[in-house]
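**Student:** Can you keep this structure in mind? I'll have questions shortly.
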Amino acid sequence: MAKNIREVELFLFDLDGTVYIGDNEIEGSFAAVNRLREMGKRICFFTNNSSRMHTDYIARLNNLGLRVYSDEIYTSGQVTCEYLLDNYRGKKVYLLGNDRLRSEFEMYGIELVEDDPDLAVIGFDTSLTYDKLYKFCRFVNDGLPFIATHPDNFCPAEGCPMPDVGAMLSAIKLTVGRDPDLVMGKPHRTAGQRIALKYNLPPRKIAMVGDRLYTDIAFGKNCGFVSVLVLSGETTAEAAAKSKVKPDYILSAVREIPDMLV
């Protein structure tokens, strides 16, 4: 039986394909978010993309016309940083990530090193080089704890998708025969558990809204959240009908959500 969206107090929104595409708002999504706020609902934008700092997403949404505050953005990079502080505080990290992800880790006070790390963390590295990838493989091959910010195989981009963390994980697995010990982002439960604790809400009071079945909706199902698929991005109605991952609700776009609550 589908969960009741009217009981939801916190709405988690994916970004690209859900509230905007590229540099354009998906029609009515910003007004819907503001209307949910007026209804007393809490809002959080949760993205797997760890190639940017949370402050970058705040600036991006503000520039697009939606006012967003620092506690309304959550990235897989932030989830990873918080997990490291809880479980590996004071440990040295070799990070496969670009300068923005490195800045996020440093802002959390995590020590990043090039040699003799205590663990290896991989994020979406848009500045990846062969030398960096091979160095990471050596640390993983040595048996260091191995953590990934998220599992996405590709990141949508104009003209051609970009290889994402999942593609790099495949290369590492083929090279040294190891999967990560822990993956932090959607659809894995670690992030959902942190969100439920952060907002002090039971899972049935939280909704995950997104356009990807295998990350957004699977995440909602894995965490016990209300799951809302929007057909404004990657997933078509035909694909949703054939999928084994079944959302609680299927909508054409975010703009339909407020009217479901009245």
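Numbering starts fresh at 1 for the residues of each chain in the structure tokens, the chains themselves are lettered A, B, ... in the order given, and ligands are numbered from 1 as they appear.
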Using DSSP on the backbone coordinates, identify all residues within segment 20-127 of chain A classified as strand (DSSP E); present the result as a list of chain:residue names.
**Tutor:**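 Across segment 20-127 of chain A, those assigned strand (DSSP E) are A:Tyr20, A:Ile21, A:Asn24, A:Glu25, A:Arg42, A:Ile43, A:Cys44, A:Phe45, A:Phe46, A:Thr47, A:Ile73, A:Tyr74, A:Thr75, A:Lys92, A:Val93, A:Tyr94, A:Leu95, A:Leu96, A:Glu111, A:Leu112, A:Leu119, A:Ala120, A:Val121, A:Ile122.
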**Student:** For the selection just defined, write its residues with C-alpha atoms to a file, as an mmCIF file, in the first residue's frame.
**Tutor:**
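Result file is again22.cif:
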data_model
loop_
_atom_site.group_PDB
_atom_site.id
_atom_site.type_symbol
_atom_site.label_atom_id
_atom_site.label_comp_id
_atom_site.auth_asym_id
_atom_site.auth_seq_id
_atom_site.Cartn_x
_atom_site.Cartn_y
_atom_site.Cartn_z
ATOM 1 C CA TYR A 20 15.669 22.347 -13.230
ATOM 2 C CA ILE A 21 17.265 21.082 -16.416
ATOM 3 C CA ASN A 24 16.318 26.371 -16.889
ATOM 4 C CA GLU A 25 13.682 25.888 -14.215
ATOM 5 C CA ARG A 42 10.554 21.588 5.326
ATOM 6 C CA ILE A 43 12.656 21.504 2.167
ATOM 7 C CA CYS A 44 16.010 19.925 1.347
ATOM 8 C CA PHE A 45 17.682 19.554 -2.032
ATOM 9 C CA PHE A 46 19.709 16.347 -2.008
ATOM 10 C CA THR A 47 22.089 15.612 -4.864
ATOM 11 C CA ILE A 73 21.207 21.745 0.516
ATOM 12 C CA TYR A 74 22.725 18.322 1.123
ATOM 13 C CA THR A 75 25.241 16.632 -1.167
ATOM 14 C CA LYS A 92 44.323 11.172 6.811
ATOM 15 C CA VAL A 93 42.410 10.852 3.532
ATOM 16 C CA TYR A 94 43.532 10.418 -0.054
ATOM 17 C CA LEU A 95 40.684 12.002 -2.029
ATOM 18 C CA LEU A 96 40.069 11.386 -5.698
ATOM 19 C CA GLU A 111 43.082 16.264 6.447
ATOM 20 C CA LEU A 112 43.812 15.474 2.799
ATOM 21 C CA LEU A 119 41.787 5.642 3.883
ATOM 22 C CA ALA A 120 40.860 6.343 0.263
ATOM 23 C CA VAL A 121 37.737 8.247 -0.829
ATOM 24 C CA ILE A 122 36.510 8.653 -4.394
#
**Student:** Out of A:Tyr69, A:Phe154, A:Phe30, A:Tyr108, which residue has the shortest atom-to-atom distance to Asp86 of chain A when counting only C-alpha atoms?
**Tutor:** A:Tyr108
**Student:** Do you have the atom CA of Asp164 of chain A-atom CA of Gly65 of chain A distance handy?
**Tutor:**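 The value is 27.9 Å.
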**Student:** Using DSSP on the backbone, list every residue of segment 13-261 of chain A that comes out as helix (DSSP H, G or I), and give them as number ranges by chain.
**Tutor:** A: 29-38, 54-64, 70-72, 76-87, 99-107, 130-141, 165-176, 189-199, 203-205, 213-223, 237-242, 254-260
**Student:** Any idea what's packed within 8 Å of Gly77 of chain A, counting only C-alpha atoms, ignoring anything in its chain fewer than 6 positions away? Could you give it as a list in words?
**Tutor:**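 The neighbour list is Asn48, Asn49, Ser50, Met53, Leu101, Glu104, Phe105, Gly123 and Thr149 of chain A.
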**Student:** For atom CA of Leu174 of chain A and atom CA of Ala157 of chain A, determine how far apart the two atoms are, in Å to one decimal place.
**Tutor:** 25.7 Å
**Student:** Could you work out how far atom CA of Asp216 of chain A lies from atom CA of Lys186 of chain A, giving the answer in Å with one decimal?
**Tutor:** 6.3 Å
**Student:** When you count only C-alpha atoms, which of these residues is closest to Asp115 of chain A: A:Arg138, A:Val226, A:Ala31, A:Thr55?
**Tutor:**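 The closest residue to Asp115 of chain A is A:Arg138.
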**Student:** Measuring atom to atom with only C-alpha atoms, identify which of A:Val33, A:Cys81, A:Leu251, A:Leu133 is nearest to Ala171 of chain A.
**Tutor:**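 Closest candidate: A:Leu133.
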**Student:** Quick one: of A:Ile5, A:His54, A:Phe146, A:Glu72, who's nearest to Met107 of chain A, counting only C-alpha atoms?
**Tutor:**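 Nearest candidate to Met107 of chain A out of A:Ile5, A:His54, A:Phe146, A:Glu72: A:His54.
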**Student:** Near Val245 of chain A, within 8 Å and counting only C-alpha atoms, which residues show up once chain neighbours fewer than 5 positions away are dropped, as a ChimeraX atom specification?
**Tutor:** /A:213-214,217-218,240
**Student:** Need to verify the contact set: Val262 of chain A, 12 Å, only C-alpha atoms, exclusion of same-chain residues closer than 6 positions in sequence. Can you return it as a list of chain:residue names?
**Tutor:**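 With the cut-off at 12 Å, the set is A:Ile5, A:Arg6, A:Glu7, A:Arg35, A:Leu36, A:Met39, A:Glu256.
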**Student:** Please determine, counting only C-alpha atoms, which residue among A:Asn222, A:Thr215, A:Asn141, A:Ser103 has the shortest atom-to-atom distance to Pro203 of chain A.
**Tutor:**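 Nearest candidate to Pro203 of chain A out of A:Asn222, A:Thr215, A:Asn141, A:Ser103: A:Asn222.
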**Student:** Which residues are near Lys198 of chain A? Cut-off 12 Å, only C-alpha atoms, ignore same chain within fewer than 6 positions. Put them as a list in words.
**Tutor:**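 Neighbouring residues, sequence-local ones excluded: Leu10, Cys44, Asp71, Glu72, Tyr74, Val79, Glu82, Ala191, Gly192 and Ile206 of chain A.
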